[in-house]
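Q: One structure follows; several queries about it will come next.
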Amino acid sequence: MADAGSDSAQEVGSEASTPSSSKRVMSLLSVLEISVTEPERRTGVTAINMKETYTVYLVETRITDMKSELLPETFTDETFSLWRRYSEFELLRNYLCVTYPAVVIPPLPEKKIHMMWQKLSGGEDKFDPDFIERRRAGLESFLLRVAAHGQLSQDKIFHSFLHQGEGWKEAVLATGYQNKMDSRLKTLNAQFRLKNPDRRFQDLKNYSSELEANIANLLKIRERLAERLYGIHKIHANYGRVFSEWSGIEKEMGDGLQSAGHFMDVYAASIDSMLEEEDTYADALKEYLYFADALRSICRKQELLQYEVEKLEDKLVYLSSQKQQMEQGVDVKSGFSLKGMTTKLFGADTPEVREKKIKQLEEQIQQTEEQLQAAKWELSTYIERSLQDVERFKRQKVRDLREIFINYSIMQIKLCKKGISLWNNTKECFTKM
């Protein structure tokens, strides 16, 4: 998998907390090392007294610079470790999504096996050792990416995730995260249309969908190729069996056939390690498949903020129109109309009542203007921060994908060279017969 901490631990992508600041924020990864090791299968009892089996992972942290000012006060030991379940990683990520909506939050590895060549042998069990190992690597990548982010790495809940065993979940809930999460889910499902969509975020949303589609297609192609390569290589074991059996009835050719059979067996077995290595590159690509959803979340939040601005603008126009009508002394008739509803709202159109209603409208207009100003500031701040983090993500993406594709190419070259070497050895066996 691509190096999750390669966003340069010395200088990592999130800007300082103030949107106008150009100061770079050092990440926590520059002063510590994080690893996820020793996945262990355990059995416990749920809250409703049902037996469950689950996997825990040992999260180990080692401080490389105990004197650094970047270290939280709670990091008093040079090394510390604790066990975490996958669900706790999920909780951490959900908390980060709610707390840092302007950040492209790193994804977690898949919860179930998808597009995995080992399915050919029936390996769909979530406790399959190979799958557990790949998930372990993905969880480690997630923590490294969080620790490499200038803003996320300074979060206290993240710090306590690394060193606080008992009470960590309670600390997350105490932040009010759950209420924000419920609100976020409702708003993400809300349907509305913007009058003036921001082209930058429209383009980003389209890009995220195209990125997701392209990576999904790559993974599907890779899966088909893996299945075929696996079958082709394993069929070569039949050559080995035939040559070995044949060697038993030949005197002059026996040694050559026996050796050729051995090389065919080696060739058939070579695909296993190659596909295991290939799975690591597939997992790294899947990470960016899931990153696409994080990009869409960024766009959705911007749409929600802009929608609030547009609603307040409409409200301000409406209130100003009502005030103007009241000042002009326009009679508002009853009935199912805007004027009719105004009559119901403001009652008798006497000068005293009219003056009172005008004053109320002025107060509402002032309040709405203040709300609109605050909403515009929140929107502009969010846009600046989110676009900064999107740029950081794009730089990270280019580095990671370049590394993935180069390493995948090198692996394929090694496979071809190994095949050529084996066939050259087989040819020598036949030559000596």
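Starting from 1 in every chain, residues are counted up; chains themselves are A, B, ... following the order of the structure tokens, and ligands are numbered from 1 as listed.
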Got a sec: who's within 10 Å of range 407-413 of chain A, counting only C-alpha atoms, leaving out chain neighbours fewer than 6 positions off, as a PyMOL selection string?

A: chain A and resi 1-2+274-275+277-278+280-282+401+419

Q: Grab the residues selected above and save them as an mmCIF file, in the first residue's frame with all heavy atoms.

A:
data_model
loop_
_atom_site.group_PDB
_atom_site.id
_atom_site.type_symbol
_atom_site.label_atom_id
_atom_site.label_comp_id
_atom_site.auth_asym_id
_atom_site.auth_seq_id
_atom_site.Cartn_x
_atom_site.Cartn_y
_atom_site.Cartn_z
ATOM 1 N N MET A 1 0.845 -1.188 0.000
ATOM 2 C CA MET A 1 0.000 0.000 0.000
ATOM 3 C C MET A 1 0.876 1.231 0.000
ATOM 4 O O MET A 1 1.948 1.245 0.581
ATOM 5 C CB MET A 1 -0.914 -0.001 1.224
ATOM 6 C CG MET A 1 -1.924 1.143 1.230
ATOM 7 S SD MET A 1 -3.106 0.982 2.581
ATOM 8 C CE MET A 1 -4.024 -0.449 2.048
ATOM 9 N N ALA A 2 0.411 2.282 -0.698
ATOM 10 C CA ALA A 2 1.189 3.502 -0.743
ATOM 11 C C ALA A 2 1.405 4.037 0.650
ATOM 12 O O ALA A 2 0.610 3.886 1.536
ATOM 13 C CB ALA A 2 0.471 4.531 -1.616
ATOM 14 N N MET A 274 2.381 -13.743 -6.260
ATOM 15 C CA MET A 274 2.197 -12.578 -7.112
ATOM 16 C C MET A 274 0.833 -11.934 -6.871
ATOM 17 O O MET A 274 0.707 -10.717 -6.732
ATOM 18 C CB MET A 274 2.350 -12.970 -8.579
ATOM 19 C CG MET A 274 2.416 -11.768 -9.545
ATOM 20 S SD MET A 274 0.828 -11.012 -9.957
ATOM 21 C CE MET A 274 0.182 -12.227 -11.097
ATOM 22 N N LEU A 275 -0.209 -12.754 -6.792
ATOM 23 C CA LEU A 275 -1.545 -12.210 -6.575
ATOM 24 C C LEU A 275 -1.709 -11.651 -5.167
ATOM 25 O O LEU A 275 -2.463 -10.708 -4.956
ATOM 26 C CB LEU A 275 -2.602 -13.277 -6.849
ATOM 27 C CG LEU A 275 -2.790 -13.654 -8.324
ATOM 28 C CD1 LEU A 275 -3.872 -14.711 -8.478
ATOM 29 C CD2 LEU A 275 -3.137 -12.430 -9.160
ATOM 30 N N GLU A 277 0.695 -10.108 -3.582
ATOM 31 C CA GLU A 277 1.317 -8.788 -3.697
ATOM 32 C C GLU A 277 0.404 -7.836 -4.462
ATOM 33 O O GLU A 277 0.265 -6.662 -4.118
ATOM 34 C CB GLU A 277 2.671 -8.902 -4.407
ATOM 35 C CG GLU A 277 3.391 -7.570 -4.542
ATOM 36 C CD GLU A 277 4.732 -7.688 -5.254
ATOM 37 O OE1 GLU A 277 5.156 -8.825 -5.555
ATOM 38 O OE2 GLU A 277 5.332 -6.638 -5.534
ATOM 39 N N GLU A 278 -0.240 -8.358 -5.490
ATOM 40 C CA GLU A 278 -1.135 -7.533 -6.299
ATOM 41 C C GLU A 278 -2.318 -7.030 -5.473
ATOM 42 O O GLU A 278 -2.842 -5.946 -5.697
ATOM 43 C CB GLU A 278 -1.625 -8.343 -7.502
ATOM 44 C CG GLU A 278 -2.272 -7.500 -8.578
ATOM 45 C CD GLU A 278 -2.602 -8.310 -9.810
ATOM 46 O OE1 GLU A 278 -1.674 -8.594 -10.598
ATOM 47 O OE2 GLU A 278 -3.778 -8.671 -9.972
ATOM 48 N N THR A 280 -2.262 -6.010 -2.487
ATOM 49 C CA THR A 280 -1.888 -4.809 -1.739
ATOM 50 C C THR A 280 -2.078 -3.556 -2.594
ATOM 51 O O THR A 280 -2.499 -2.511 -2.092
ATOM 52 C CB THR A 280 -0.423 -4.893 -1.258
ATOM 53 O OG1 THR A 280 0.454 -4.942 -2.392
ATOM 54 C CG2 THR A 280 -0.197 -6.119 -0.409
ATOM 55 N N TYR A 281 -1.781 -3.669 -3.901
ATOM 56 C CA TYR A 281 -1.980 -2.531 -4.791
ATOM 57 C C TYR A 281 -3.469 -2.303 -5.048
ATOM 58 O O TYR A 281 -3.916 -1.160 -5.174
ATOM 59 C CB TYR A 281 -1.239 -2.757 -6.109
ATOM 60 C CG TYR A 281 0.237 -3.009 -5.916
ATOM 61 C CD1 TYR A 281 0.873 -4.104 -6.492
ATOM 62 C CD2 TYR A 281 1.012 -2.150 -5.132
ATOM 63 C CE1 TYR A 281 2.222 -4.340 -6.294
ATOM 64 C CE2 TYR A 281 2.361 -2.376 -4.928
ATOM 65 C CZ TYR A 281 2.963 -3.476 -5.520
ATOM 66 O OH TYR A 281 4.298 -3.705 -5.317
ATOM 67 N N ALA A 282 -4.229 -3.394 -5.117
ATOM 68 C CA ALA A 282 -5.680 -3.259 -5.272
ATOM 69 C C ALA A 282 -6.284 -2.559 -4.060
ATOM 70 O O ALA A 282 -7.178 -1.716 -4.197
ATOM 71 C CB ALA A 282 -6.316 -4.636 -5.482
ATOM 72 N N LEU A 401 -0.883 7.468 -6.283
ATOM 73 C CA LEU A 401 -1.231 6.704 -7.481
ATOM 74 C C LEU A 401 -0.012 6.460 -8.360
ATOM 75 O O LEU A 401 0.123 5.389 -8.961
ATOM 76 C CB LEU A 401 -2.327 7.426 -8.267
ATOM 77 C CG LEU A 401 -3.692 7.503 -7.579
ATOM 78 C CD1 LEU A 401 -4.706 8.199 -8.469
ATOM 79 C CD2 LEU A 401 -4.205 6.112 -7.201
ATOM 80 N N GLY A 419 8.809 -15.897 -15.288
ATOM 81 C CA GLY A 419 8.282 -16.854 -16.247
ATOM 82 C C GLY A 419 9.300 -17.201 -17.325
ATOM 83 O O GLY A 419 9.468 -18.372 -17.688
#

Q: List the spatial neighbours of Leu152 in chain A as a list in words - criterion: any atom at most 8 Å away, only C-alpha atoms, same-chain residues fewer than 6 positions off excluded.

A: Leu96, Tyr100, Val146 and Phe158 of chain A

Q: Pick out the residues sitting within 7 Å of range 207-215 of chain A, and hand them over as an NGL selection string; count only C-alpha atoms, and ignore anything fewer than 6 positions along from it in its own chain.

A: :A and (285 or 289 or 292 or 295-296)

Q: Of the candidates A:Ala374, A:Leu219, A:Leu82, A:Met50, which shows the shortest atom-to-atom distance to Asp279 in chain A, using only C-alpha atoms?

A: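 Using only C-alpha atoms, the shortest distance to Asp279 in chain A belongs to A:Leu219.
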
Q: Quick one: residues within 10 Å of Arg193 in chain A, only C-alpha atoms, excluding same-chain residues fewer than 6 positions away - as a ChimeraX atom specification?

A: /A:303-304,307

Q: Tell me, as a list in words, which residues lie within 10 Å of Arg62 in chain A, counting only C-alpha atoms; anything in the same chain fewer than 6 positions away does not count.

A: Val31, Leu32, Glu33, Ile34, Ser35, Phe75, Asp77, Glu78, Thr79, Phe80 and Ser81 of chain A

Q: Write the residues of the preceding selection, restricted to C-alpha atoms, as a PDB file, in the first residue's frame.

A:
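Just written: result.pdb:
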ATOM      1  CA  VAL A  31       7.449  13.190  16.040  1.00  0.00           C
ATOM      2  CA  LEU A  32       5.960   9.702  16.426  1.00  0.00           C
ATOM      3  CA  GLU A  33       5.445   6.358  14.729  1.00  0.00           C
ATOM      4  CA  ILE A  34       2.151   4.454  14.627  1.00  0.00           C
ATOM      5  CA  SER A  35       1.630   0.809  13.725  1.00  0.00           C
ATOM      6  CA  PHE A  75       1.781  11.684  25.759  1.00  0.00           C
ATOM      7  CA  ASP A  77       5.528   7.754  27.806  1.00  0.00           C
ATOM      8  CA  GLU A  78       7.884   7.026  24.960  1.00  0.00           C
ATOM      9  CA  THR A  79       5.839   4.012  23.859  1.00  0.00           C
ATOM     10  CA  PHE A  80       2.265   2.921  24.510  1.00  0.00           C
ATOM     11  CA  SER A  81      -0.144   0.400  23.030  1.00  0.00           C
TER      12      SER A  81
END

Q: Could you list, as a ChimeraX atom specification, every residue within 9 Å of Trp423 in chain A, counting only C-alpha atoms and ignoring same-chain residues fewer than 5 positions away?

A: /A:260,263-264,267,418,428

Q: List every residue of range 56-250 of chain A that DSSP, applied to the backbone of this structure, places in strand (DSSP E or B), and write the result as JSON, numbers by chain.

A: {"A": [56, 57, 58, 59, 60, 61, 62, 63, 79, 80, 81, 82, 83, 84, 85]}

Q: So which residues touch Ser68 in chain A within 12 Å, counting only C-alpha atoms, skipping near sequence neighbours fewer than 3 positions away, as a PDB file with all heavy atoms, in the first residue's frame?

A:
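The resulting part34.pdb:
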ATOM      1  N   MET A  26       2.687  21.806  11.306  1.00  0.00           N
ATOM      2  CA  MET A  26       3.426  20.561  11.425  1.00  0.00           C
ATOM      3  C   MET A  26       2.492  19.458  11.890  1.00  0.00           C
ATOM      4  O   MET A  26       1.615  19.680  12.719  1.00  0.00           O
ATOM      5  CB  MET A  26       4.569  20.733  12.423  1.00  0.00           C
ATOM      6  CG  MET A  26       5.574  21.782  12.026  1.00  0.00           C
ATOM      7  SD  MET A  26       6.633  21.260  10.678  1.00  0.00           S
ATOM      8  CE  MET A  26       7.729  20.156  11.581  1.00  0.00           C
ATOM      9  N   SER A  27       2.691  18.260  11.371  1.00  0.00           N
ATOM     10  CA  SER A  27       1.827  17.150  11.759  1.00  0.00           C
ATOM     11  C   SER A  27       2.450  16.354  12.894  1.00  0.00           C
ATOM     12  O   SER A  27       3.662  16.377  13.126  1.00  0.00           O
ATOM     13  CB  SER A  27       1.585  16.230  10.562  1.00  0.00           C
ATOM     14  OG  SER A  27       2.700  15.390  10.357  1.00  0.00           O
ATOM     15  N   LEU A  28       1.597  15.621  13.589  1.00  0.00           N
ATOM     16  CA  LEU A  28       2.046  14.799  14.701  1.00  0.00           C
ATOM     17  C   LEU A  28       2.943  13.660  14.232  1.00  0.00           C
ATOM     18  O   LEU A  28       3.790  13.171  14.983  1.00  0.00           O
ATOM     19  CB  LEU A  28       0.821  14.242  15.442  1.00  0.00           C
ATOM     20  CG  LEU A  28       1.036  13.639  16.827  1.00  0.00           C
ATOM     21  CD1 LEU A  28       1.610  14.676  17.778  1.00  0.00           C
ATOM     22  CD2 LEU A  28      -0.272  13.103  17.374  1.00  0.00           C
ATOM     23  N   LEU A  29       2.766  13.250  12.985  1.00  0.00           N
ATOM     24  CA  LEU A  29       3.554  12.131  12.462  1.00  0.00           C
ATOM     25  C   LEU A  29       5.042  12.459  12.374  1.00  0.00           C
ATOM     26  O   LEU A  29       5.862  11.559  12.248  1.00  0.00           O
ATOM     27  CB  LEU A  29       3.025  11.726  11.080  1.00  0.00           C
ATOM     28  CG  LEU A  29       3.505  10.375  10.531  1.00  0.00           C
ATOM     29  CD1 LEU A  29       3.088   9.235  11.448  1.00  0.00           C
ATOM     30  CD2 LEU A  29       2.984  10.150   9.130  1.00  0.00           C
ATOM     31  N   SER A  30       5.372  13.735  12.451  1.00  0.00           N
ATOM     32  CA  SER A  30       6.785  14.110  12.388  1.00  0.00           C
ATOM     33  C   SER A  30       7.525  13.778  13.673  1.00  0.00           C
ATOM     34  O   SER A  30       8.752  13.806  13.707  1.00  0.00           O
ATOM     35  CB  SER A  30       6.913  15.611  12.087  1.00  0.00           C
ATOM     36  OG  SER A  30       6.308  16.372  13.121  1.00  0.00           O
ATOM     37  N   VAL A  31       6.783  13.453  14.762  1.00  0.00           N
ATOM     38  CA  VAL A  31       7.449  13.190  16.040  1.00  0.00           C
ATOM     39  C   VAL A  31       7.054  11.842  16.647  1.00  0.00           C
ATOM     40  O   VAL A  31       7.405  11.560  17.798  1.00  0.00           O
ATOM     41  CB  VAL A  31       7.158  14.313  17.058  1.00  0.00           C
ATOM     42  CG1 VAL A  31       7.765  15.625  16.587  1.00  0.00           C
ATOM     43  CG2 VAL A  31       5.669  14.467  17.308  1.00  0.00           C
ATOM     44  N   LEU A  32       6.313  11.025  15.900  1.00  0.00           N
ATOM     45  CA  LEU A  32       5.960   9.702  16.426  1.00  0.00           C
ATOM     46  C   LEU A  32       5.742   8.707  15.297  1.00  0.00           C
ATOM     47  O   LEU A  32       5.642   9.077  14.127  1.00  0.00           O
ATOM     48  CB  LEU A  32       4.715   9.777  17.328  1.00  0.00           C
ATOM     49  CG  LEU A  32       3.410  10.370  16.793  1.00  0.00           C
ATOM     50  CD1 LEU A  32       2.709   9.439  15.826  1.00  0.00           C
ATOM     51  CD2 LEU A  32       2.472  10.679  17.954  1.00  0.00           C
ATOM     52  N   ILE A  63       7.072   7.410  20.446  1.00  0.00           N
ATOM     53  CA  ILE A  63       7.480   8.806  20.300  1.00  0.00           C
ATOM     54  C   ILE A  63       8.941   8.851  19.851  1.00  0.00           C
ATOM     55  O   ILE A  63       9.808   8.222  20.459  1.00  0.00           O
ATOM     56  CB  ILE A  63       7.323   9.577  21.621  1.00  0.00           C
ATOM     57  CG1 ILE A  63       5.925   9.365  22.208  1.00  0.00           C
ATOM     58  CG2 ILE A  63       7.604  11.056  21.399  1.00  0.00           C
ATOM     59  CD1 ILE A  63       4.805   9.824  21.336  1.00  0.00           C
ATOM     60  N   THR A  64       9.208   9.596  18.794  1.00  0.00           N
ATOM     61  CA  THR A  64      10.579   9.713  18.293  1.00  0.00           C
ATOM     62  C   THR A  64      11.266  10.990  18.767  1.00  0.00           C
ATOM     63  O   THR A  64      12.484  11.120  18.653  1.00  0.00           O
ATOM     64  CB  THR A  64      10.586   9.682  16.752  1.00  0.00           C
ATOM     65  OG1 THR A  64       9.734  10.728  16.251  1.00  0.00           O
ATOM     66  CG2 THR A  64      10.072   8.339  16.245  1.00  0.00           C
ATOM     67  N   ASP A  65      10.473  11.937  19.273  1.00  0.00           N
ATOM     68  CA  ASP A  65      11.050  13.184  19.783  1.00  0.00           C
ATOM     69  C   ASP A  65      10.252  13.623  21.009  1.00  0.00           C
ATOM     70  O   ASP A  65       9.262  14.346  20.913  1.00  0.00           O
ATOM     71  CB  ASP A  65      11.013  14.265  18.704  1.00  0.00           C
ATOM     72  CG  ASP A  65      11.685  15.564  19.144  1.00  0.00           C
ATOM     73  OD1 ASP A  65      12.218  15.598  20.274  1.00  0.00           O
ATOM     74  OD2 ASP A  65      11.669  16.540  18.364  1.00  0.00           O
ATOM     75  N   LEU A  71       3.976  17.459  20.729  1.00  0.00           N
ATOM     76  CA  LEU A  71       3.412  16.358  21.510  1.00  0.00           C
ATOM     77  C   LEU A  71       2.347  16.862  22.482  1.00  0.00           C
ATOM     78  O   LEU A  71       2.555  17.853  23.182  1.00  0.00           O
ATOM     79  CB  LEU A  71       4.513  15.641  22.295  1.00  0.00           C
ATOM     80  CG  LEU A  71       5.438  14.724  21.511  1.00  0.00           C
ATOM     81  CD1 LEU A  71       6.492  14.134  22.451  1.00  0.00           C
ATOM     82  CD2 LEU A  71       4.664  13.594  20.838  1.00  0.00           C
ATOM     83  N   PRO A  72       1.213  16.180  22.550  1.00  0.00           N
ATOM     84  CA  PRO A  72       0.196  16.532  23.545  1.00  0.00           C
ATOM     85  C   PRO A  72       0.725  16.270  24.958  1.00  0.00           C
ATOM     86  O   PRO A  72       1.609  15.429  25.166  1.00  0.00           O
ATOM     87  CB  PRO A  72      -0.969  15.585  23.209  1.00  0.00           C
ATOM     88  CG  PRO A  72      -0.698  15.085  21.836  1.00  0.00           C
ATOM     89  CD  PRO A  72       0.783  15.087  21.666  1.00  0.00           C
ATOM     90  N   GLU A  73       0.180  16.963  25.921  1.00  0.00           N
ATOM     91  CA  GLU A  73       0.613  16.778  27.306  1.00  0.00           C
ATOM     92  C   GLU A  73       0.323  15.374  27.816  1.00  0.00           C
ATOM     93  O   GLU A  73       1.002  14.881  28.717  1.00  0.00           O
ATOM     94  CB  GLU A  73      -0.091  17.802  28.203  1.00  0.00           C
ATOM     95  CG  GLU A  73       0.302  19.247  27.916  1.00  0.00           C
ATOM     96  CD  GLU A  73      -0.426  20.225  28.818  1.00  0.00           C
ATOM     97  OE1 GLU A  73      -1.274  19.758  29.616  1.00  0.00           O
ATOM     98  OE2 GLU A  73      -0.151  21.440  28.737  1.00  0.00           O
ATOM     99  N   PHE A  75       0.795  12.649  26.260  1.00  0.00           N
ATOM    100  CA  PHE A  75       1.781  11.684  25.759  1.00  0.00           C
ATOM    101  C   PHE A  75       3.028  11.773  26.626  1.00  0.00           C
ATOM    102  O   PHE A  75       4.003  12.437  26.287  1.00  0.00           O
ATOM    103  CB  PHE A  75       2.130  11.984  24.304  1.00  0.00           C
ATOM    104  CG  PHE A  75       1.063  11.606  23.315  1.00  0.00           C
ATOM    105  CD1 PHE A  75      -0.222  11.314  23.723  1.00  0.00           C
ATOM    106  CD2 PHE A  75       1.344  11.528  21.962  1.00  0.00           C
ATOM    107  CE1 PHE A  75      -1.217  10.965  22.819  1.00  0.00           C
ATOM    108  CE2 PHE A  75       0.365  11.166  21.044  1.00  0.00           C
ATOM    109  CZ  PHE A  75      -0.927  10.892  21.479  1.00  0.00           C
ATOM    110  N   THR A  76       2.979  11.106  27.764  1.00  0.00           N
ATOM    111  CA  THR A  76       4.081  11.185  28.726  1.00  0.00           C
ATOM    112  C   THR A  76       5.068  10.026  28.592  1.00  0.00           C
ATOM    113  O   THR A  76       6.200  10.124  29.066  1.00  0.00           O
ATOM    114  CB  THR A  76       3.530  11.200  30.161  1.00  0.00           C
ATOM    115  OG1 THR A  76       2.695  10.050  30.360  1.00  0.00           O
ATOM    116  CG2 THR A  76       2.709  12.461  30.392  1.00  0.00           C
TER     117      THR A  76
END

Q: Would you mind reading off the distance between CA of Gln306 in chain A and CA of Leu372 in chain A, one decimal, in Å?

A: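 Interatomic distance, CA of Gln306 in chain A to CA of Leu372 in chain A: 10.7 Å.
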
Q: Between CA of Ala284 in chain A and CA of Glu88 in chain A, what is the distance, to one decimal in Å?

A: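 Interatomic distance, CA of Ala284 in chain A to CA of Glu88 in chain A: 21.7 Å.
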
Q: Taking only C-alpha atoms into account, name the residue in A:Val309, A:Lys220, A:Ser270, A:Thr350 that is nearest to Glu327 in chain A.

A: A:Thr350

Q: Mind giving me the straight-line distance from CA of Trp83 in chain A to CA of Tyr57 in chain A in Å, one decimal?

A: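 We find that CA of Trp83 in chain A and CA of Tyr57 in chain A lie 5.4 Å from each other.
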
Q: Using DSSP secondary structure from the backbone, list all alpha helix (DSSP H) positions within range 31-229 of chain A, as JSON, numbers by chain.

A: {"A": [86, 87, 88, 89, 90, 91, 92, 93, 94, 95, 96, 97, 98, 99, 129, 130, 131, 132, 133, 134, 135, 136, 137, 138, 139, 140, 141, 142, 143, 144, 145, 146, 147, 156, 157, 158, 159, 160, 161, 162, 163, 168, 169, 170, 171, 172, 173, 174, 177, 178, 179, 180, 181, 182, 183, 184, 185, 186, 187, 188, 189, 199, 200, 201, 202, 203, 204, 205, 206, 207, 208, 209, 210, 211, 212, 213, 214, 215, 216, 217, 218, 219, 220, 221, 222, 223, 224, 225, 226, 227, 228, 229]}

Q: Using only C-alpha atoms, can you tell me which of A:Ile358, A:Tyr86, A:Val103, A:Arg136 comes closest to Glu391 in chain A?

A: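 Using only C-alpha atoms, Glu391 in chain A sits closest to A:Val103.
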